[in-house]
Structure formats: structure tokens, C-alpha cells
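Participant: Shown below is the structure under consideration.
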Amino acid sequence: MTVDPDLVPILARIKAAPAVDYRTMPMDEARAIFTAGNAAFNRAPPHVAEVTDLEIPGDDGPLRARLYRPSLAEDAPVVVYAHGGGWTFGSVDTHDGTMRRLALRSGAAVLGVDYRLAPEHPFPKPLDDVLAAIRFVENGGLGQSVDASRIAVSGDSAGANLALAALLARRDAGLPQLRTAALFYGCYAPDHGTASHARLGDGTYLLSTASMQWYWGNFLGALPRDTDSLAAPLRAPLKGLPPLYLNAAGLDPLLDDTLALSAALAEAGVSFRLDVVPGVVHGFLRMAAELPAADKALADAGAYLAGHFAR
């Protein structure tokens with residue numbers, strides 16, 4: 001329960017701002033506040049060789065995306081990245097610094113996608129959009145600037161849920177499996193009775209159980225909480241997945257989601273690495289400019305991805 005000393009001033013700054021309950025305001029206003037609140041984490045982002053905004057084809061129209069190339073070499077693999085934000089918030093803008101750092105640390109081009117957001121677009125639409133982004137890369141949509149034969153998927157929080165579900169959906173469809181994945185502090189099933197929710201879910205460490213219940217409600221739409229669909233990928237059979245990098249935050253109500261996933265992967269015989277970062281909160285990756293633990297987590301994930309791309 002000890003807070004990382006480097007995180008203390010960041011938490012103090014966040015808690016000094018006026019309290020916001022997104023659940024009580026119009027969605028447009030809530031999204032604007034969320035985006036503004038993340039702007040500070042993306043000031044003076046690390047330099048990458050090339051950043052390109054583009055549109056990719058989705059099932060129901062074009063999707064906004066952004067490609068980060070750490071170098072101009074044309075043989076770099078690709079990581080398709082799904083941002084966090086409770087399936088309700090977030091974009092390539094709110095996660096700009098995270099994706100830049102992951103590109104630099106992995107040596108891979110990173111393609112961030114603005115999937116459709118809930119509650120307007122509940123499951124499976126966000127998953128469909130992540131699958132469309134993977135398909136776009138796989139079919140040569142990025143041209144000769146990357147090596148489309150080496151693809152991974154990654155995401156944080158809600159994005160980690162979508163990344164894992166995308167691997168399962170491709171397996172179930174009989175499609176070639178991706179090389180690997182990096183999943184950061186994901187929410188993998190709507191189970192709020194875990195020990196980590198009981199211990200850490202009161203909002204002291206930013207994310208609360210009540211907020212997660214609201215986010216899950218937005219994402220599930222008409223689906224019941226006990227759904228066995230890929231909205232809750234932890235409940236799916238996990239055999240046949242590629243090697244996975246799992247990262248969890250020690251002061252996160254969702255900690256037990258990742259611990260349960262690691263146990264299920266071990267039982268299914270799937271290779272994985274699990275890193276639990278002590279003293280940090282949910283969403284800590286976005287603090288990497290100020291928080292060495294976040295920068296190290298991205299470095300560890302990048303090294304894992306690079307190692308599996310090289311095989």
C-alpha cells in the first residue's frame with residue numbers, strides 16, 4: 001500500500017484539481033474534461049522519426065488512426081495499440097506519449113486507433129474496430145514503410161481488454177495468430193468482488209470500483225454482467241494464444257484481473273511474463289515523463305515485444 005515516492009507529487013497535483021464525477025454530466029462535457037486532464041501528460045513528448053495521422057477503413061466507416069515510426073527503416077514490425085479510458089473516453093491524443101515511448105522502446109511502428117466509444121457504441125463495436133485496424137495492417141494498408149508480416153497488439157486498461165479479445169477472436173476465426181501482445185493493467189471481466197477491488201476501490205488511488213461499474217455498464221450495453229462473450233475475455237478458453245506480456249499496477253482495483261489472467265494463462269499452457277509494479281496506480285503509463293516506474297514498464301514491454309518480433 002506504499003505509494004512510489006515519485007508518484008506522490010503527481011497524485012497531489014491531480015487531487016488538488018476540482019473533483020469530477022463523469023457519471024453525472026453530459027458525455028460531450030465529460031470527454032472534454034477527460035481529454036483536458038490528460039493534456040499535461042503529453043506535453044513535450046519524446047521525438048520519433050515520423051508521426052502520420054490517417055484514416056483506416058472500419059466496418060461502418062473510416063476510423064481515425066495515428067502511426068508512430070521510431071525510425072525511417074522500412075522493415076520495422078507493427079504494434080496495433082488500443083487506448084484506455086473505460087471504453088468511454090480516450091483517443092490517440094490522450095495516449096500520444098505512451099505510444100511514442102512504446103515505439104521507441106520496442107523499435108516497432110505503433111498504430112494507434114480511435115475505436116468507437118461506448119455507450120453510443122457498446123460491445124462488440126470497439127472490438128470490431130481494433131480487429132479492422134489489425135486487418136488493415138495485415139493487408140498491407142501501411143504500404144512499404146513497415147513489415148506487415150510481424151504484427152503485435154497492445155493496449156492499456158479497456159484497450160488491454162480489446163487487445164486480448166482481438167487475439168481470441170482471431171483464433172476463433174481460424175486466422176493466423178499475431179506474434180505477441182503487451183497488455184497493461186487490463187479489465188478482463190466485470191467482477192467487482194475481488195480482493196483488489198475491496199482493498200483499493202474506494203477512489204483513494206484515483207480509479208474507483210463505482211467508476212468501473214459505470215464503465216462496464218457503458219461497454220456491455222444490453223449484455224448481462226455474467227456474459228461469456230469476448231466482452232469479458234477472461235472467461236474465454238485461452239489455449240492457442242501467442243506469448244503475452246502482462247503488466248499490473250500494485251495500487252489498482254483491477255490488479256486481480258491481471259493476476260487471474262496470469263493464472264488462467266498458466267493453466268492453458270500459454271507463455272507469458274507478468275510484471276506487477278508496486279506503488280503505482282491505474283493509468284500510470286501516461287505519467288512516464290515524470291514517473292520512472294512508468295518509463296521502465298514501457299521499456300520492459302518494449303524489450304519483450306522486440307524479442308518476440310526477432311524470433
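In the C-alpha cells, chains take letters A, B, ... by order of appearance, with residues numbered from 1 within each chain and ligands from 1 in the order shown.
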Can you tell me which residues surround A:Val146 at a distance of at most 7 Å, considering only C-alpha atoms, apart from same-chain residues fewer than 2 positions away, and format the answer as an MDAnalysis selection string?
Facilitator: chainID A and resid 74:78 142:144 148
Participant: Based on the backbone DSSP call, show me all residues of stretch 12-148 of chain A assigned alpha helix (DSSP H), as an MDAnalysis selection string.
Facilitator: chainID A and resid 12:16 27:39 96:106 125:138
Participant: Taking into account only C-alpha atoms, which residue in the set A:Arg23, A:Arg100, A:His47, A:Arg105 is nearest to A:Ala297?
Facilitator: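 Checking each candidate against A:Ala297, we get A:Arg105 as the closest.
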Participant: Find the spatial neighbours of A:Phe41, counting only C-alpha atoms, within a cut-off of 8 Å - ignore same-chain residues fewer than 4 positions away - and output them as a PyMOL selection string.
Facilitator: chain A and resi 97+286-289
Participant: For a quick check of understanding, using only C-alpha atoms, which of A:Val80, A:Ala16, A:Ala165, A:Met99 has the smallest distance to A:Val137?
Facilitator: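 Among A:Val80, A:Ala16, A:Ala165, A:Met99, it is A:Val80 that comes nearest to A:Val137.
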Participant: Name all residues at most 9 Å from A:Pro124 (count only C-alpha atoms; drop same-chain ones fewer than 4 positions away) and give them as a list in words.
Facilitator: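 The filter keeps Asp128, Asp129, Phe219, Leu220, Leu230 and Ala231 of chain A.
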Participant: Skip A:Val281 itself and residues of its chain fewer than 5 positions away, then list as a list in words all residues within 6 Å of it, counting only C-alpha atoms.
Facilitator: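 Close residues of A:Val281: Ala249, Leu251 and Asp252 of chain A.
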Participant: Near stretch 81-84 of chain A, counting only C-alpha atoms, which residues have an atom at most 10 Å away, once you skip same-chain residues fewer than 3 positions from it, shown as a tab-separated table (two decimals) with N, CA, C and O atoms, in the first residue's frame?
Facilitator:
chain	number	residue	atom	x	y	z
A	65	ALA	N	-6.73	7.24	-37.03
A	65	ALA	CA	-5.60	6.48	-36.52
A	65	ALA	C	-4.35	7.35	-36.61
A	65	ALA	O	-4.34	8.40	-37.27
A	66	ARG	N	-3.30	6.90	-35.93
A	66	ARG	CA	-2.02	7.63	-35.96
A	66	ARG	C	-0.88	6.62	-35.93
A	66	ARG	O	-0.88	5.72	-35.09
A	67	LEU	N	0.06	6.79	-36.83
A	67	LEU	CA	1.21	5.89	-36.94
A	67	LEU	C	2.46	6.59	-36.43
A	67	LEU	O	2.80	7.69	-36.87
A	78	VAL	N	5.03	-3.95	-36.54
A	78	VAL	CA	3.94	-3.03	-36.20
A	78	VAL	C	3.23	-3.50	-34.94
A	78	VAL	O	2.91	-4.69	-34.81
A	87	TRP	N	-13.48	2.37	-22.23
A	87	TRP	CA	-14.26	2.23	-23.47
A	87	TRP	C	-15.13	3.46	-23.74
A	87	TRP	O	-15.87	3.50	-24.72
A	88	THR	N	-15.03	4.48	-22.90
A	88	THR	CA	-15.90	5.65	-22.93
A	88	THR	C	-15.13	6.91	-23.29
A	88	THR	O	-15.68	7.83	-23.90
A	89	PHE	N	-13.86	6.96	-22.90
A	89	PHE	CA	-13.01	8.11	-23.11
A	89	PHE	C	-11.73	7.69	-23.83
A	89	PHE	O	-11.47	6.51	-24.04
A	90	GLY	N	-10.91	8.69	-24.17
A	90	GLY	CA	-9.59	8.41	-24.70
A	90	GLY	C	-9.51	8.49	-26.21
A	90	GLY	O	-10.52	8.42	-26.92
A	91	SER	N	-8.27	8.64	-26.69
A	91	SER	CA	-8.01	8.80	-28.11
A	91	SER	C	-6.51	8.68	-28.35
A	91	SER	O	-5.72	8.51	-27.40
A	92	VAL	N	-6.12	8.81	-29.61
A	92	VAL	CA	-4.69	8.83	-29.89
A	92	VAL	C	-4.04	10.08	-29.30
A	92	VAL	O	-2.82	10.10	-29.07
A	93	ASP	N	-4.81	11.11	-29.03
A	93	ASP	CA	-4.26	12.32	-28.40
A	93	ASP	C	-3.96	12.09	-26.92
A	93	ASP	O	-2.89	12.47	-26.43
A	94	THR	N	-4.89	11.48	-26.19
A	94	THR	CA	-4.68	11.29	-24.75
A	94	THR	C	-3.54	10.31	-24.48
A	94	THR	O	-2.93	10.35	-23.41
A	95	HIS	N	-3.25	9.42	-25.42
A	95	HIS	CA	-2.23	8.40	-25.23
A	95	HIS	C	-1.02	8.59	-26.14
A	95	HIS	O	-0.25	7.67	-26.38
A	96	ASP	N	-0.84	9.82	-26.62
A	96	ASP	CA	0.24	10.12	-27.55
A	96	ASP	C	1.62	9.78	-26.97
A	96	ASP	O	2.42	9.09	-27.60
A	98	THR	N	2.44	7.80	-24.51
A	98	THR	CA	2.59	6.37	-24.27
A	98	THR	C	2.97	5.65	-25.56
A	98	THR	O	3.89	4.81	-25.57
A	99	MET	N	2.29	5.96	-26.65
A	99	MET	CA	2.57	5.28	-27.90
A	99	MET	C	3.93	5.66	-28.46
A	99	MET	O	4.64	4.81	-29.03
A	102	LEU	N	6.42	3.63	-26.44
A	102	LEU	CA	6.40	2.22	-26.79
A	102	LEU	C	7.07	1.99	-28.13
A	102	LEU	O	7.78	0.98	-28.31
A	110	VAL	N	4.12	1.96	-34.20
A	110	VAL	CA	2.92	1.79	-33.38
A	110	VAL	C	1.76	2.50	-34.08
A	110	VAL	O	1.86	3.70	-34.40
A	111	LEU	N	0.70	1.75	-34.33
A	111	LEU	CA	-0.51	2.30	-34.95
A	111	LEU	C	-1.59	2.40	-33.89
A	111	LEU	O	-2.15	1.39	-33.45
A	112	GLY	N	-1.90	3.62	-33.44
A	112	GLY	CA	-2.99	3.84	-32.50
A	112	GLY	C	-4.28	4.05	-33.26
A	112	GLY	O	-4.29	4.72	-34.30
A	113	VAL	N	-5.35	3.49	-32.75
A	113	VAL	CA	-6.65	3.59	-33.43
A	113	VAL	C	-7.70	4.18	-32.49
A	113	VAL	O	-7.78	3.80	-31.32
A	114	ASP	N	-8.46	5.12	-33.01
A	114	ASP	CA	-9.61	5.66	-32.26
A	114	ASP	C	-10.83	4.80	-32.55
A	114	ASP	O	-11.63	5.08	-33.46
A	115	TYR	N	-10.96	3.73	-31.79
A	115	TYR	CA	-12.14	2.87	-31.94
A	115	TYR	C	-13.38	3.62	-31.43
A	115	TYR	O	-13.28	4.58	-30.67
A	126	PRO	N	-16.38	-1.61	-30.42
A	126	PRO	CA	-14.97	-1.26	-30.20
A	126	PRO	C	-14.02	-2.39	-30.60
A	126	PRO	O	-12.96	-2.15	-31.18
A	127	LEU	N	-14.40	-3.63	-30.30
A	127	LEU	CA	-13.58	-4.77	-30.70
A	127	LEU	C	-13.52	-4.89	-32.21
A	127	LEU	O	-12.46	-5.15	-32.79
A	129	ASP	N	-13.55	-2.60	-34.32
A	129	ASP	CA	-12.65	-1.57	-34.85
A	129	ASP	C	-11.18	-1.94	-34.65
A	129	ASP	O	-10.34	-1.67	-35.51
A	130	VAL	N	-10.86	-2.54	-33.51
A	130	VAL	CA	-9.48	-3.00	-33.29
A	130	VAL	C	-9.14	-4.11	-34.28
A	130	VAL	O	-8.04	-4.14	-34.86
A	133	ALA	N	-8.38	-2.58	-37.57
A	133	ALA	CA	-7.04	-1.99	-37.63
A	133	ALA	C	-5.98	-3.06	-37.87
A	133	ALA	O	-5.04	-2.86	-38.67
A	134	ILE	N	-6.11	-4.18	-37.19
A	134	ILE	CA	-5.17	-5.29	-37.41
A	134	ILE	C	-5.27	-5.77	-38.86
A	134	ILE	O	-4.25	-5.99	-39.54
A	152	ALA	N	1.93	-7.17	-33.75
A	152	ALA	CA	1.51	-7.43	-32.37
A	152	ALA	C	0.36	-6.49	-32.05
A	152	ALA	O	0.06	-5.55	-32.80
A	153	VAL	N	-0.26	-6.74	-30.92
A	153	VAL	CA	-1.33	-5.86	-30.45
A	153	VAL	C	-1.03	-5.49	-29.00
A	153	VAL	O	-0.40	-6.26	-28.26
A	154	SER	N	-1.44	-4.29	-28.62
A	154	SER	CA	-1.18	-3.82	-27.26
A	154	SER	C	-2.31	-2.89	-26.85
A	154	SER	O	-3.08	-2.40	-27.68
A	155	GLY	N	-2.40	-2.66	-25.54
A	155	GLY	CA	-3.40	-1.73	-25.04
A	155	GLY	C	-3.30	-1.61	-23.53
A	155	GLY	O	-2.69	-2.45	-22.86
A	156	ASP	N	-3.90	-0.55	-23.01
A	156	ASP	CA	-3.93	-0.35	-21.56
A	156	ASP	C	-5.37	-0.26	-21.10
A	156	ASP	O	-6.22	0.30	-21.79
A	157	SER	N	-5.67	-0.85	-19.95
A	157	SER	CA	-6.98	-0.78	-19.31
A	157	SER	C	-8.04	-1.35	-20.24
A	157	SER	O	-7.97	-2.51	-20.64
A	158	ALA	N	-9.03	-0.53	-20.65
A	158	ALA	CA	-10.03	-1.01	-21.59
A	158	ALA	C	-9.39	-1.47	-22.89
A	158	ALA	O	-9.86	-2.40	-23.54
A	159	GLY	N	-8.31	-0.81	-23.30
A	159	GLY	CA	-7.61	-1.21	-24.51
A	159	GLY	C	-6.95	-2.57	-24.37
A	159	GLY	O	-6.84	-3.31	-25.36
A	160	ALA	N	-6.50	-2.92	-23.16
A	160	ALA	CA	-5.95	-4.26	-22.94
A	160	ALA	C	-7.04	-5.31	-23.09
A	160	ALA	O	-6.79	-6.41	-23.62
A	161	ASN	N	-8.23	-5.01	-22.59
A	161	ASN	CA	-9.38	-5.90	-22.80
A	161	ASN	C	-9.59	-6.14	-24.29
A	161	ASN	O	-9.74	-7.29	-24.74
A	162	LEU	N	-9.59	-5.08	-25.09
A	162	LEU	CA	-9.85	-5.21	-26.52
A	162	LEU	C	-8.71	-5.94	-27.22
A	162	LEU	O	-8.94	-6.73	-28.16
A	163	ALA	N	-7.47	-5.70	-26.78
A	163	ALA	CA	-6.33	-6.38	-27.40
A	163	ALA	C	-6.40	-7.88	-27.16
A	163	ALA	O	-6.19	-8.69	-28.07
A	181	ALA	N	1.75	-9.86	-27.72
A	181	ALA	CA	0.92	-8.75	-27.26
A	181	ALA	C	1.48	-8.22	-25.95
A	181	ALA	O	2.15	-8.95	-25.20
A	182	ALA	N	1.20	-6.96	-25.68
A	182	ALA	CA	1.56	-6.33	-24.40
A	182	ALA	C	0.31	-5.71	-23.81
A	182	ALA	O	-0.30	-4.82	-24.42
A	183	LEU	N	-0.08	-6.19	-22.63
A	183	LEU	CA	-1.35	-5.80	-22.00
A	183	LEU	C	-1.06	-5.14	-20.66
A	183	LEU	O	-0.46	-5.75	-19.77
A	184	PHE	N	-1.50	-3.89	-20.51
A	184	PHE	CA	-1.21	-3.11	-19.32
A	184	PHE	C	-2.48	-2.90	-18.49
A	184	PHE	O	-3.48	-2.39	-19.00
A	185	TYR	N	-2.42	-3.28	-17.24
A	185	TYR	CA	-3.48	-3.10	-16.22
A	185	TYR	C	-4.88	-3.18	-16.83
A	185	TYR	O	-5.70	-2.27	-16.73
A	186	GLY	N	-5.17	-4.35	-17.40
A	186	GLY	CA	-6.43	-4.53	-18.11
A	186	GLY	C	-7.61	-4.84	-17.20
A	186	GLY	O	-7.46	-5.26	-16.05
A	187	CYS	N	-8.81	-4.62	-17.74
A	187	CYS	CA	-10.06	-5.02	-17.10
A	187	CYS	C	-10.65	-6.14	-17.97
A	187	CYS	O	-11.11	-5.87	-19.07
A	283	GLY	N	-3.49	3.55	-14.74
A	283	GLY	CA	-3.22	4.64	-15.68
A	283	GLY	C	-1.83	5.22	-15.56
A	283	GLY	O	-1.53	6.24	-16.20
Participant: Would you kindly return, as a list in words, each protein, DNA or RNA residue with an atom no farther than 12 Å from any atom of stretch 26-29 of chain A, considering only C-alpha atoms and excluding same-chain residues fewer than 5 positions away?
Facilitator: Val20, Asp21, Phe34, Thr35, Ala36, Thr88, Phe89, Leu117, Ala118, Pro119, Glu120 and Asn218 of chain A
Participant: Since we have the selection now, will you write its residues out, keeping N, CA, C and O atoms, as a compact mmCIF listing (two decimals), in the first residue's frame?
Facilitator:
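Result file follows (result.txt):
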# COMPACT_ATOMS: atom_id res chain seq x y z
N VAL A 20 -14.23 15.56 -10.13
CA VAL A 20 -15.13 15.40 -11.27
C VAL A 20 -15.78 14.02 -11.19
O VAL A 20 -15.09 13.01 -10.99
N ASP A 21 -17.08 13.98 -11.34
CA ASP A 21 -17.80 12.71 -11.43
C ASP A 21 -18.39 12.63 -12.84
O ASP A 21 -19.43 13.24 -13.13
N PHE A 34 -12.00 14.88 -19.63
CA PHE A 34 -11.02 13.79 -19.62
C PHE A 34 -9.84 14.13 -20.51
O PHE A 34 -8.67 13.95 -20.13
N THR A 35 -10.10 14.62 -21.71
CA THR A 35 -9.03 14.96 -22.64
C THR A 35 -8.16 16.07 -22.09
O THR A 35 -6.92 15.99 -22.14
N ALA A 36 -8.78 17.11 -21.55
CA ALA A 36 -8.01 18.21 -20.98
C ALA A 36 -7.16 17.75 -19.79
O ALA A 36 -6.02 18.19 -19.62
N THR A 88 -15.03 4.48 -22.90
CA THR A 88 -15.90 5.65 -22.93
C THR A 88 -15.13 6.91 -23.29
O THR A 88 -15.68 7.83 -23.90
N PHE A 89 -13.86 6.96 -22.90
CA PHE A 89 -13.01 8.11 -23.11
C PHE A 89 -11.73 7.69 -23.83
O PHE A 89 -11.47 6.51 -24.04
N LEU A 117 -16.56 4.64 -29.32
CA LEU A 117 -16.67 4.66 -27.87
C LEU A 117 -18.09 4.34 -27.40
O LEU A 117 -19.07 4.66 -28.06
N ALA A 118 -18.15 3.73 -26.22
CA ALA A 118 -19.41 3.48 -25.53
C ALA A 118 -19.77 4.72 -24.71
O ALA A 118 -18.91 5.54 -24.40
N PRO A 119 -21.03 4.87 -24.34
CA PRO A 119 -22.16 3.94 -24.50
C PRO A 119 -22.84 3.99 -25.86
O PRO A 119 -23.68 3.17 -26.15
N GLU A 120 -22.46 4.98 -26.70
CA GLU A 120 -23.08 5.06 -28.02
C GLU A 120 -22.79 3.82 -28.86
O GLU A 120 -23.61 3.39 -29.66
N ASN A 218 -21.47 0.93 -19.55
CA ASN A 218 -21.40 1.58 -20.86
C ASN A 218 -20.99 0.59 -21.95
O ASN A 218 -21.57 0.57 -23.05
Participant: Please report the interatomic distance between atom CA of A:Glu50 and atom CA of A:Ser71 in Å with one decimal.
Facilitator: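 It comes out at 7.2 Å.
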Participant: Can you list, as a list of chain:residue names, all residues belonging to stretch 174-258 of chain A that DSSP tags as strand (DSSP E or B)?
Facilitator: A:Thr180, A:Ala181, A:Ala182, A:Leu183, A:Phe184, A:Asp202, A:Ser208, A:Leu244, A:Tyr245, A:Leu246, A:Asn247, A:Ala248, A:Ala249
Participant: With C-alpha atoms kept, could you save the residues just selected as a PDB file, in the first residue's frame?
Facilitator:
ATOM      1  CA  THR A 180       2.777 -11.309 -29.375  1.00  0.00           C
ATOM      2  CA  ALA A 181       0.918  -8.750 -27.256  1.00  0.00           C
ATOM      3  CA  ALA A 182       1.562  -6.335 -24.399  1.00  0.00           C
ATOM      4  CA  LEU A 183      -1.345  -5.803 -22.001  1.00  0.00           C
ATOM      5  CA  PHE A 184      -1.207  -3.109 -19.318  1.00  0.00           C
ATOM      6  CA  ASP A 202     -12.683   3.498  -2.745  1.00  0.00           C
ATOM      7  CA  SER A 208     -12.800   3.508  -8.024  1.00  0.00           C
ATOM      8  CA  LEU A 244       1.922 -12.289 -23.776  1.00  0.00           C
ATOM      9  CA  TYR A 245       3.461  -9.526 -21.696  1.00  0.00           C
ATOM     10  CA  LEU A 246       1.235  -8.630 -18.713  1.00  0.00           C
ATOM     11  CA  ASN A 247       1.709  -5.545 -16.581  1.00  0.00           C
ATOM     12  CA  ALA A 248      -0.304  -4.610 -13.490  1.00  0.00           C
ATOM     13  CA  ALA A 249      -0.243  -1.678 -11.076  1.00  0.00           C
TER      14      ALA A 249
END
Participant: To one decimal in Å, tell me the separation between atom CA of A:Ala268 and atom CA of A:Leu238.
Facilitator: 5.9 Å
Participant: Give me, please, the distance in Å between atom CA of A:Pro18 and atom CA of A:Gly85, quoted to one decimal.
Facilitator: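 Here the two named atoms are 19.4 Å from each other.
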Participant: Using only C-alpha atoms, find the one residue out of A:Pro190, A:Gly141, A:Gly302, A:Pro9 that sits nearest to A:Pro57.
Facilitator: A:Gly141
